[in-house]
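The next block is my_file.pdb, given as PDB, C-alpha atoms.
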```
MODEL        1
ATOM      1  CA  MET A  27      89.038  89.323 117.222
ATOM      2  CA  GLY A  28      89.130  86.096 119.241
ATOM      3  CA  ASN A  29      88.883  83.890 116.144
ATOM      4  CA  THR A  30      90.746  80.596 116.173
ATOM      5  CA  VAL A  31      93.435  80.688 113.514
ATOM      6  CA  THR A  32      95.304  78.057 111.613
ATOM      7  CA  CYS A  33      98.050  79.356 109.351
ATOM      8  CA  CYS A  34      98.939  77.312 106.312
ATOM      9  CA  VAL A  35     102.645  76.541 106.127
ATOM     10  CA  SER A  36     102.342  73.835 103.490
ATOM     11  CA  PRO A  37     100.391  73.702 100.246
ATOM     12  CA  ASP A  38      97.992  71.036 101.554
ATOM     13  CA  ALA A  39      97.330  72.664 104.946
ATOM     14  CA  SER A  40      94.237  74.790 105.265
ATOM     15  CA  PRO A  41      91.953  76.190 107.962
ATOM     16  CA  LYS A  42      89.024  74.941 105.898
ATOM     17  CA  LEU A  43      90.330  71.376 105.982
ATOM     18  CA  SER A  44      90.870  71.430 109.743
ATOM     19  CA  ARG A  45      87.334  72.636 110.365
ATOM     20  CA  ALA A  46      85.868  70.070 107.986
ATOM     21  CA  ARG A  47      87.506  67.163 109.780
ATOM     22  CA  GLY A  48      85.822  67.769 113.113
ATOM     23  CA  GLY A  49      85.049  70.231 115.843
ATOM     24  CA  GLY A  50      88.371  69.889 117.616
ATOM     25  CA  ALA A  51      91.140  72.448 117.762
ATOM     26  CA  ALA A  52      93.043  73.110 114.571
ATOM     27  CA  PRO A  53      96.366  71.291 114.285
ATOM     28  CA  GLY A  54      98.423  74.442 113.691
ATOM     29  CA  PRO A  55      99.336  75.322 117.321
ATOM     30  CA  GLU A  56     100.555  71.780 118.099
ATOM     31  CA  ARG A  57     102.937  72.137 115.210
ATOM     32  CA  TRP A  58     104.394  75.210 116.897
ATOM     33  CA  ALA A  59     104.461  73.779 120.423
ATOM     34  CA  ASP A  60     108.242  74.018 120.670
ATOM     35  CA  ALA A  61     108.054  77.777 120.121
ATOM     36  CA  TYR A  62     105.993  78.163 123.267
ATOM     37  CA  GLN A  63     107.939  75.793 125.537
ATOM     38  CA  PRO A  64     111.176  76.786 127.278
ATOM     39  CA  ALA A  65     114.132  74.610 126.359
ATOM     40  CA  ALA A  66     114.765  71.884 128.929
ATOM     41  CA  ALA A  67     117.937  72.359 130.936
ATOM     42  CA  GLY A  68     120.673  69.810 130.333
ATOM     43  CA  GLY A  69     120.940  67.159 127.668
ATOM     44  CA  GLY A  70     120.193  64.039 129.714
ATOM     45  CA  SER A  71     117.437  61.531 129.152
ATOM     46  CA  GLY A  72     115.135  59.467 131.343
ATOM     47  CA  GLY A  73     114.619  60.907 134.841
ATOM     48  CA  GLY A  74     116.665  64.003 134.050
ATOM     49  CA  SER A  75     114.282  65.137 131.332
ATOM     50  CA  GLY A  76     111.299  64.560 133.605
ATOM     51  CA  SER A  77     112.721  66.775 136.346
ATOM     52  CA  ALA A  78     113.601  69.494 133.861
ATOM     53  CA  GLU A  79     110.048  69.389 132.548
ATOM     54  CA  ALA A  80     108.652  69.670 136.057
ATOM     55  CA  GLU A  81     110.932  72.596 136.883
ATOM     56  CA  SER A  82     110.013  74.467 133.704
ATOM     57  CA  GLY A  83     106.306  74.055 134.398
ATOM     58  CA  ASP A  84     105.610  72.579 130.957
ATOM     59  CA  SER A  85     103.832  69.458 132.201
ATOM     60  CA  ASP A  86     100.089  69.472 132.544
ATOM     61  CA  PRO A  87      99.079  69.216 136.247
ATOM     62  CA  GLY A  88      96.177  66.993 135.201
ATOM     63  CA  GLY A  89      98.456  64.578 133.399
ATOM     64  CA  GLY A  90      97.125  65.566 130.007
ATOM     65  CA  GLY A  91     100.508  66.014 128.354
ATOM     66  CA  PRO A  92     102.647  69.110 127.595
ATOM     67  CA  HIS A  93     101.239  72.470 128.645
ATOM     68  CA  LEU A  94     101.204  75.223 126.012
ATOM     69  CA  GLN A  95     101.630  78.688 127.449
ATOM     70  CA  HIS A  96      98.852  81.137 126.726
ATOM     71  CA  ILE A  97     100.026  84.169 124.776
ATOM     72  CA  SER A  98      99.245  86.437 127.761
ATOM     73  CA  ASP A  99     101.511  84.343 130.038
ATOM     74  CA  ARG A 100     104.609  84.611 127.911
ATOM     75  CA  GLU A 101     107.409  86.945 128.917
ATOM     76  CA  PHE A 102     108.463  89.755 126.604
ATOM     77  CA  PRO A 103     111.886  91.393 126.573
ATOM     78  CA  ASP A 104     112.136  94.610 128.558
ATOM     79  CA  ASP A 105     112.492  96.691 125.409
ATOM     80  CA  LEU A 106     109.246  95.188 124.086
ATOM     81  CA  ALA A 107     107.123  96.030 127.108
ATOM     82  CA  LEU A 108     103.464  95.950 126.177
ATOM     83  CA  GLU A 109     102.906  99.461 127.512
ATOM     84  CA  SER A 110     105.214 100.891 124.830
ATOM     85  CA  ASN A 111     104.034  98.716 121.944
ATOM     86  CA  PRO A 112     100.996 100.142 120.124
ATOM     87  CA  SER A 113     100.083  96.816 118.529
ATOM     88  CA  ASP A 114      99.722  95.225 121.975
ATOM     89  CA  HIS A 115      98.611  98.008 124.301
ATOM     90  CA  PRO A 116      95.584 100.269 123.685
ATOM     91  CA  ARG A 117      97.113 103.311 125.385
ATOM     92  CA  ALA A 118     100.323 103.370 123.339
ATOM     93  CA  SER A 119     100.266 105.767 120.401
ATOM     94  CA  THR A 120     100.227 104.197 116.957
ATOM     95  CA  ILE A 121     103.507 104.520 115.078
ATOM     96  CA  PHE A 122     101.970 105.598 111.773
ATOM     97  CA  LEU A 123     100.145 108.531 113.348
ATOM     98  CA  SER A 124     103.355 109.737 114.996
ATOM     99  CA  LYS A 125     105.302 109.450 111.732
ATOM    100  CA  SER A 126     102.671 111.444 109.854
ATOM    101  CA  GLN A 127     102.789 114.449 112.181
ATOM    102  CA  THR A 128     105.847 116.046 110.555
ATOM    103  CA  ASP A 129     104.098 116.235 107.184
ATOM    104  CA  VAL A 130     100.816 117.303 108.788
ATOM    105  CA  ARG A 131     102.491 120.224 110.560
ATOM    106  CA  GLU A 132     104.151 121.321 107.314
ATOM    107  CA  LYS A 133     100.808 121.196 105.486
ATOM    108  CA  ARG A 134      99.114 123.223 108.206
ATOM    109  CA  LYS A 135     101.900 125.787 108.131
ATOM    110  CA  SER A 136     101.646 126.058 104.340
ATOM    111  CA  ASN A 137      97.861 126.377 104.472
ATOM    112  CA  HIS A 138      98.133 129.045 107.155
ATOM    113  CA  ILE A 139     100.525 131.082 105.007
ATOM    114  CA  ASN A 140      98.205 130.757 102.012
ATOM    115  CA  HIS A 141      95.121 131.379 104.193
ATOM    116  CA  VAL A 142      93.615 128.065 103.163
ATOM    117  CA  SER A 143      91.778 125.828 105.597
ATOM    118  CA  PRO A 144      92.279 122.093 104.911
ATOM    119  CA  GLY A 145      89.169 120.678 103.341
ATOM    120  CA  GLN A 146      87.284 123.965 103.432
ATOM    121  CA  LEU A 147      86.039 123.424  99.874
ATOM    122  CA  THR A 148      84.994 119.792 100.277
ATOM    123  CA  LYS A 149      83.968 119.347 103.893
ATOM    124  CA  LYS A 150      80.252 119.067 104.529
ATOM    125  CA  TYR A 151      78.489 120.177 107.677
ATOM    126  CA  SER A 152      75.181 119.032 109.116
ATOM    127  CA  SER A 153      72.394 121.557 109.612
ATOM    128  CA  CYS A 154      68.899 121.597 111.072
ATOM    129  CA  SER A 155      67.430 120.373 107.800
ATOM    130  CA  THR A 156      70.186 117.980 106.638
ATOM    131  CA  ILE A 157      72.361 115.503 108.505
ATOM    132  CA  PHE A 158      75.475 114.169 106.773
ATOM    133  CA  ILE A 159      76.788 110.754 107.833
ATOM    134  CA  ASP A 160      79.245 108.244 106.420
ATOM    135  CA  ASP A 161      78.758 104.520 106.186
ATOM    136  CA  SER A 162      81.882 103.598 108.147
ATOM    137  CA  THR A 163      81.780 102.408 111.758
ATOM    138  CA  VAL A 164      84.293 100.645 113.974
ATOM    139  CA  SER A 165      82.392  97.373 113.567
ATOM    140  CA  GLN A 166      81.715  97.808 109.833
ATOM    141  CA  PRO A 167      84.346 100.071 108.249
ATOM    142  CA  ASN A 168      83.998 101.250 104.681
ATOM    143  CA  LEU A 169      86.324  99.069 102.597
ATOM    144  CA  ARG A 170      87.541 101.655 100.077
ATOM    145  CA  SER A 171      88.143 104.393 102.655
ATOM    146  CA  THR A 172      89.849 101.993 105.067
ATOM    147  CA  ILE A 173      92.260 100.700 102.425
ATOM    148  CA  LYS A 174      93.097 104.285 101.457
ATOM    149  CA  CYS A 175      93.870 105.123 105.085
ATOM    150  CA  VAL A 176      95.891 101.958 105.721
ATOM    151  CA  THR A 177      97.995 102.480 102.586
ATOM    152  CA  LEU A 178      98.536 106.118 103.579
ATOM    153  CA  ALA A 179      99.794 104.891 106.960
ATOM    154  CA  ILE A 180     102.196 102.529 105.146
ATOM    155  CA  PHE A 181     103.313 105.425 102.934
ATOM    156  CA  TYR A 182     104.253 107.500 106.005
ATOM    157  CA  HIS A 183     106.044 104.517 107.508
ATOM    158  CA  ILE A 184     108.247 104.305 104.412
ATOM    159  CA  LYS A 185     108.721 108.029 103.896
ATOM    160  CA  ASN A 186     109.631 108.859 107.498
ATOM    161  CA  ARG A 187     111.514 105.675 108.387
ATOM    162  CA  ASP A 188     114.474 105.895 110.748
ATOM    163  CA  SER A 189     116.816 103.733 108.669
ATOM    164  CA  ASP A 190     116.802 100.843 106.174
ATOM    165  CA  ARG A 191     117.088  97.846 108.484
ATOM    166  CA  SER A 192     115.664  94.765 106.787
ATOM    167  CA  LEU A 193     115.810  90.979 106.540
ATOM    168  CA  ASP A 194     116.622  88.872 103.492
ATOM    169  CA  ILE A 195     113.255  87.053 103.550
ATOM    170  CA  PHE A 196     111.474  90.347 102.808
ATOM    171  CA  ASP A 197     113.973  91.684 100.264
ATOM    172  CA  GLU A 198     112.410  91.918  96.819
ATOM    173  CA  LYS A 199     115.743  91.495  95.057
ATOM    174  CA  SER A 200     116.356  88.162  96.787
ATOM    175  CA  HIS A 201     112.710  87.054  96.596
ATOM    176  CA  PRO A 202     111.053  88.836  93.635
ATOM    177  CA  LEU A 203     107.276  88.828  93.330
ATOM    178  CA  THR A 204     107.371  89.008  89.529
ATOM    179  CA  ARG A 205     109.610  87.740  86.759
ATOM    180  CA  GLU A 206     110.450  91.278  85.760
ATOM    181  CA  GLU A 207     114.022  92.189  86.576
ATOM    182  CA  VAL A 208     114.315  94.280  89.724
ATOM    183  CA  PRO A 209     116.311  97.486  89.002
ATOM    184  CA  ASP A 210     119.674  97.860  90.732
ATOM    185  CA  ASP A 211     118.526 101.074  92.390
ATOM    186  CA  TYR A 212     115.207  99.586  93.565
ATOM    187  CA  TYR A 213     116.004 100.437  97.187
ATOM    188  CA  LYS A 214     116.454 104.154  96.507
ATOM    189  CA  HIS A 215     112.984 105.169  95.342
ATOM    190  CA  ASP A 216     110.119 105.490  97.813
ATOM    191  CA  PRO A 217     106.743 104.373  96.426
ATOM    192  CA  ASP A 218     104.003 106.979  96.337
ATOM    193  CA  HIS A 219     100.626 106.515  98.011
ATOM    194  CA  LYS A 220      98.856 105.588  94.766
ATOM    195  CA  HIS A 221     101.348 102.798  94.049
ATOM    196  CA  ILE A 222     100.868 101.278  97.509
ATOM    197  CA  TYR A 223      97.087 101.647  97.242
ATOM    198  CA  ARG A 224      96.941  99.842  93.880
ATOM    199  CA  PHE A 225      99.031  96.945  95.204
ATOM    200  CA  VAL A 226      96.896  96.466  98.339
ATOM    201  CA  ARG A 227      93.611  97.098  96.531
ATOM    202  CA  THR A 228      94.442  94.403  93.951
ATOM    203  CA  LEU A 229      95.042  91.827  96.684
ATOM    204  CA  PHE A 230      91.896  92.756  98.615
ATOM    205  CA  SER A 231      89.705  92.732  95.520
ATOM    206  CA  ALA A 232      90.998  89.420  94.189
ATOM    207  CA  ALA A 233      90.875  87.673  97.572
ATOM    208  CA  GLN A 234      87.591  89.383  98.561
ATOM    209  CA  LEU A 235      88.993  90.514 101.911
ATOM    210  CA  THR A 236      87.166  92.803 104.324
ATOM    211  CA  ALA A 237      87.916  96.262 105.697
ATOM    212  CA  GLU A 238      88.485  94.802 109.160
ATOM    213  CA  CYS A 239      91.229  92.655 107.647
ATOM    214  CA  ALA A 240      92.964  95.820 106.419
ATOM    215  CA  ILE A 241      93.066  97.230 109.958
ATOM    216  CA  VAL A 242      94.456  93.968 111.370
ATOM    217  CA  THR A 243      97.042  94.025 108.564
ATOM    218  CA  LEU A 244      98.322  97.364 109.830
ATOM    219  CA  VAL A 245      98.429  96.051 113.408
ATOM    220  CA  TYR A 246     100.574  93.091 112.339
ATOM    221  CA  LEU A 247     102.807  95.313 110.230
ATOM    222  CA  GLU A 248     103.602  97.625 113.152
ATOM    223  CA  ARG A 249     104.042  94.634 115.470
ATOM    224  CA  LEU A 250     106.564  93.136 113.044
ATOM    225  CA  LEU A 251     108.544  96.377 112.817
ATOM    226  CA  THR A 252     108.646  96.635 116.614
ATOM    227  CA  TYR A 253     109.408  93.018 117.461
ATOM    228  CA  ALA A 254     111.949  92.396 114.680
ATOM    229  CA  GLU A 255     113.452  95.904 114.938
ATOM    230  CA  ILE A 256     113.385  96.477 111.192
ATOM    231  CA  ASP A 257     112.101  99.253 108.922
ATOM    232  CA  ILE A 258     109.681  99.111 106.035
ATOM    233  CA  CYS A 259     111.474 100.606 103.057
ATOM    234  CA  PRO A 260     111.472 100.506  99.229
ATOM    235  CA  SER A 261     113.293  97.162  99.112
ATOM    236  CA  ASN A 262     110.909  95.223 101.356
ATOM    237  CA  TRP A 263     107.534  96.952 101.593
ATOM    238  CA  LYS A 264     105.680  94.697  99.151
ATOM    239  CA  ARG A 265     106.665  91.451 100.856
ATOM    240  CA  ILE A 266     106.066  92.810 104.359
ATOM    241  CA  VAL A 267     102.610  94.046 103.360
ATOM    242  CA  LEU A 268     101.853  90.762 101.600
ATOM    243  CA  GLY A 269     102.903  88.774 104.666
ATOM    244  CA  ALA A 270     100.750  90.938 106.948
ATOM    245  CA  ILE A 271      97.725  90.581 104.640
ATOM    246  CA  LEU A 272      98.254  86.825 104.402
ATOM    247  CA  LEU A 273      98.287  86.433 108.174
ATOM    248  CA  ALA A 274      95.460  88.908 108.846
ATOM    249  CA  SER A 275      93.162  87.167 106.374
ATOM    250  CA  LYS A 276      93.648  83.865 108.197
ATOM    251  CA  VAL A 277      93.102  85.369 111.635
ATOM    252  CA  TRP A 278      90.077  87.473 110.767
ATOM    253  CA  ASP A 279      88.139  85.782 107.986
ATOM    254  CA  ASP A 280      86.210  82.601 108.766
ATOM    255  CA  GLN A 281      86.888  81.317 105.252
ATOM    256  CA  ALA A 282      90.598  82.031 105.020
ATOM    257  CA  VAL A 283      92.404  82.389 101.711
ATOM    258  CA  TRP A 284      94.905  79.607 101.072
ATOM    259  CA  ASN A 285      98.530  80.418 100.312
ATOM    260  CA  VAL A 286      98.149  78.839  96.890
ATOM    261  CA  ASP A 287      95.303  81.273  96.160
ATOM    262  CA  TYR A 288      97.679  84.210  96.501
ATOM    263  CA  CYS A 289      99.902  82.503  93.941
ATOM    264  CA  GLN A 290      96.982  82.777  91.506
ATOM    265  CA  ILE A 291      96.815  86.525  92.176
ATOM    266  CA  LEU A 292     100.577  87.115  92.015
ATOM    267  CA  LYS A 293     101.302  84.807  89.093
ATOM    268  CA  ASP A 294     105.069  84.541  89.482
ATOM    269  CA  ILE A 295     105.383  83.763  93.203
ATOM    270  CA  THR A 296     105.618  80.132  94.352
ATOM    271  CA  VAL A 297     103.672  78.564  97.183
ATOM    272  CA  GLU A 298     106.970  77.474  98.768
ATOM    273  CA  ASP A 299     108.068  81.121  98.915
ATOM    274  CA  MET A 300     104.715  82.102 100.449
ATOM    275  CA  ASN A 301     105.021  79.366 103.064
ATOM    276  CA  GLU A 302     108.561  80.375 103.983
ATOM    277  CA  MET A 303     107.633  84.041 104.281
ATOM    278  CA  GLU A 304     104.606  83.216 106.441
ATOM    279  CA  ARG A 305     106.723  81.016 108.704
ATOM    280  CA  HIS A 306     109.329  83.742 109.184
ATOM    281  CA  PHE A 307     106.618  86.353 109.758
ATOM    282  CA  LEU A 308     105.073  84.260 112.536
ATOM    283  CA  GLU A 309     108.433  83.572 114.145
ATOM    284  CA  LEU A 310     109.311  87.278 114.127
ATOM    285  CA  LEU A 311     105.947  88.025 115.748
ATOM    286  CA  GLN A 312     106.838  85.379 118.361
ATOM    287  CA  PHE A 313     103.549  83.760 117.296
ATOM    288  CA  ASN A 314     101.662  86.634 118.931
ATOM    289  CA  ILE A 315      98.663  86.967 116.606
ATOM    290  CA  ASN A 316      96.272  88.239 119.276
ATOM    291  CA  VAL A 317      94.592  91.579 118.515
ATOM    292  CA  PRO A 318      92.515  92.844 121.462
ATOM    293  CA  ALA A 319      89.300  94.691 120.650
ATOM    294  CA  SER A 320      90.672  97.826 122.336
ATOM    295  CA  VAL A 321      93.771  97.807 120.092
ATOM    296  CA  TYR A 322      91.626  97.269 116.990
ATOM    297  CA  ALA A 323      89.379 100.203 117.966
ATOM    298  CA  LYS A 324      92.417 102.435 118.603
ATOM    299  CA  TYR A 325      93.814 101.721 115.140
ATOM    300  CA  TYR A 326      90.429 102.373 113.539
ATOM    301  CA  PHE A 327      90.025 105.796 115.160
ATOM    302  CA  ASP A 328      93.676 106.730 114.571
ATOM    303  CA  LEU A 329      93.153 105.907 110.884
ATOM    304  CA  ARG A 330      90.185 108.268 110.866
ATOM    305  CA  SER A 331      92.374 110.936 112.481
ATOM    306  CA  LEU A 332      94.979 110.323 109.779
ATOM    307  CA  ALA A 333      92.278 110.780 107.154
ATOM    308  CA  ASP A 334      91.182 114.092 108.679
ATOM    309  CA  ASP A 335      94.781 115.332 108.918
ATOM    310  CA  ASN A 336      95.364 114.586 105.236
ATOM    311  CA  ASN A 337      92.004 115.795 103.911
ATOM    312  CA  LEU A 338      91.117 112.195 103.064
ATOM    313  CA  SER A 339      87.564 112.420 104.255
ATOM    314  CA  PHE A 340      85.197 109.480 104.402
ATOM    315  CA  LEU A 341      82.364 109.817 101.913
ATOM    316  CA  LEU A 342      79.475 111.740 103.483
ATOM    317  CA  GLU A 343      75.916 111.424 102.293
ATOM    318  CA  PRO A 344      72.696 113.103 103.473
ATOM    319  CA  LEU A 345      70.715 110.960 105.891
ATOM    320  CA  SER A 346      67.665 109.781 104.006
ATOM    321  CA  LYS A 347      64.327 108.861 105.558
ATOM    322  CA  GLU A 348      64.782 105.205 104.629
ATOM    323  CA  ARG A 349      68.225 105.027 106.183
ATOM    324  CA  ALA A 350      67.067 106.790 109.328
ATOM    325  CA  GLN A 351      64.304 104.213 109.731
ATOM    326  CA  LYS A 352      66.806 101.419 109.160
ATOM    327  CA  LEU A 353      69.137 102.838 111.803
ATOM    328  CA  GLU A 354      66.241 103.243 114.219
ATOM    329  CA  THR A 355      65.139  99.650 113.653
ATOM    330  CA  SER A 356      68.673  98.361 114.053
ATOM    331  CA  SER A 357      69.163 100.312 117.299
ATOM    332  CA  GLY A 358      65.846  99.057 118.672
ATOM    333  CA  THR A 359      66.752  95.466 117.833
ATOM    334  CA  ARG A 360      70.058  95.743 119.644
ATOM    335  CA  LEU A 361      68.386  97.250 122.703
ATOM    336  CA  CYS A 362      65.930  94.376 122.813
ATOM    337  CA  GLU A 363      68.767  91.880 122.566
TER     338      GLU A 363
ENDMDL
END
```

Structure rendered as structure tokens:
Amino acid sequence: MGNTVTCCVSPDASPKLSRARGGGAAPGPERWADAYQPAAAGGGSGGGSGSAEAESGDSDPGGGGPHLQHISDREFPDDLALESNPSDHPRASTIFLSKSQTDVREKRKSNHINHVSPGQLTKKYSSCSTIFIDDSTVSQPNLRSTIKCVTLAIFYHIKNRDSDRSLDIFDEKSHPLTREEVPDDYYKHDPDHKHIYRFVRTLFSAAQLTAECAIVTLVYLERLLTYAEIDICPSNWKRIVLGAILLASKVWDDQAVWNVDYCQILKDITVEDMNEMERHFLELLQFNINVPASVYAKYYFDLRSLADDNNLSFLLEPLSKERAQKLETSSGTRLCE
């Protein structure tokens, strides 16, 4: 979390280029300085502008030029209080887990009537002679399982949405991702989980993104829905997910994927369209790309709860002697450090 991010909003801008030119801060935030600074009161020039700057607190006390507010110092509207926003506050319940509960209760009721326990045929239990563990941890999640859980969360977002509020920049009819004609009734049919999984899996495989990036993608997606007060629905889900992946890959991965690289994956989209979508996404997030470690951990464990509720278990394997020794060595090394 805590990585410095530069988001490409033009074909020739890249985090890699900014790092190669020197050890200084990336040029991205300066380009967005006006988004952080309150508008100066009045339209005068000369001494009037100086007093307005002093009153707004935007001047650097040390004389070093304009002062950029830290993300934690910015004011949020009352209806976006951090305590009620799961993507900002670790104690707020994730939206996807809440939206999945209706279906989970129905499944449990159906299984109770049929006297079937969820996962009773596939779940493995440890014993005195055998210990079953999975290879997914909060610091190193399993990629395949994490993508399955994240896409299931997106599926529940779409299925149990409150309405169909959207914005033109995310509408697939206005901004198609392929040259294929979008059907007139494209907004009526909810995608199934497999369809969402294939779309996300293709992007992650081609761009070689990590499981942690998938979790941050979900954080940004829920933050967008909350801040912009829109819904993810059949008409916009692909572009919203693409925008969240694009931003998460730049925040998380040290070697970020360029916007033009995504145009090689999605052959029919232009880099200008990618840039515009990224710019709107950032503006709707109010440039809040911070993901605290506590929020990341909450999303990880809520995704595991979602997996358990939907019998989407992480792959369990018996603990071998070699792996036990490796775990023991790794634990000992960390204790020494």

Task: Nearest candidate to Asp218 in chain A (options A:Leu247, A:Phe196, A:Ile180, A:Lys352; using all atoms listed in the file) - done: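 Closest to Asp218 in chain A, using all atoms listed in the file: A:Ile180.
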
Open item on the list: Translate the PyMOL selection byres ((chain A and resi 317-324) around 12) into a concrete residue list for this structure, as a PyMOL selection string.
Closed with: chain A and resi 27-30+97-98+108-109+111-121+123+163-167+237-246+249+274+277-278+313-316+325-331

Open item on the list: One number please: CA of Glu255 in chain A to CA of Thr236 in chain A, in Å, one decimal.
Closed with: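 These atoms are spaced 28.5 Å apart.
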
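The gap separating CA of Asp190 in chain A from CA of Glu302 in chain A is 22.2 Å, in Å to one decimal.
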
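As for CA of Glu304 in chain A and CA of Ile266 in chain A, they are spaced 9.9 Å apart.
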
Task: Sel. within 12 Å of pt (106.1, 87.1, 89.9), counting all atoms listed in the file, output as a PyMOL selection string - done: chain A and resi 198-199+201-208+264-265+288-297+299-300

Task: Pick from A:His183, A:His215, A:Arg191, A:Arg170, whichever lies nearest to Ser231 in chain A using only C-alpha atoms - done: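 Answer, going by the shortest atom-to-atom distance: A:Arg170.
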
Task: Proximity to Gln281 in chain A - best of A:Val130, A:Ile256, A:Ala179, A:Ala233, all atoms listed in the file - done: A:Ala233

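Excluding Lys220 in chain A and any residue on its chain fewer than 3 positions from it, the residues at most 9 Å away by only C-alpha atoms are Lys174, Thr177, Leu178, Pro217, Tyr223, Arg224 and Phe225 of chain A.
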
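For the choices A:His306, A:Arg131, A:Lys125, A:His219, the atom-to-atom distance to Asp188 in chain A is smallest for A:Lys125 when using only C-alpha atoms.
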
- [ ] Point out the residue among A:Leu193, A:Cys175, A:Val283, A:Leu169 with the least atom-to-atom distance to Leu332 in chain A, counting all atoms listed in the file.
- [x] A:Cys175
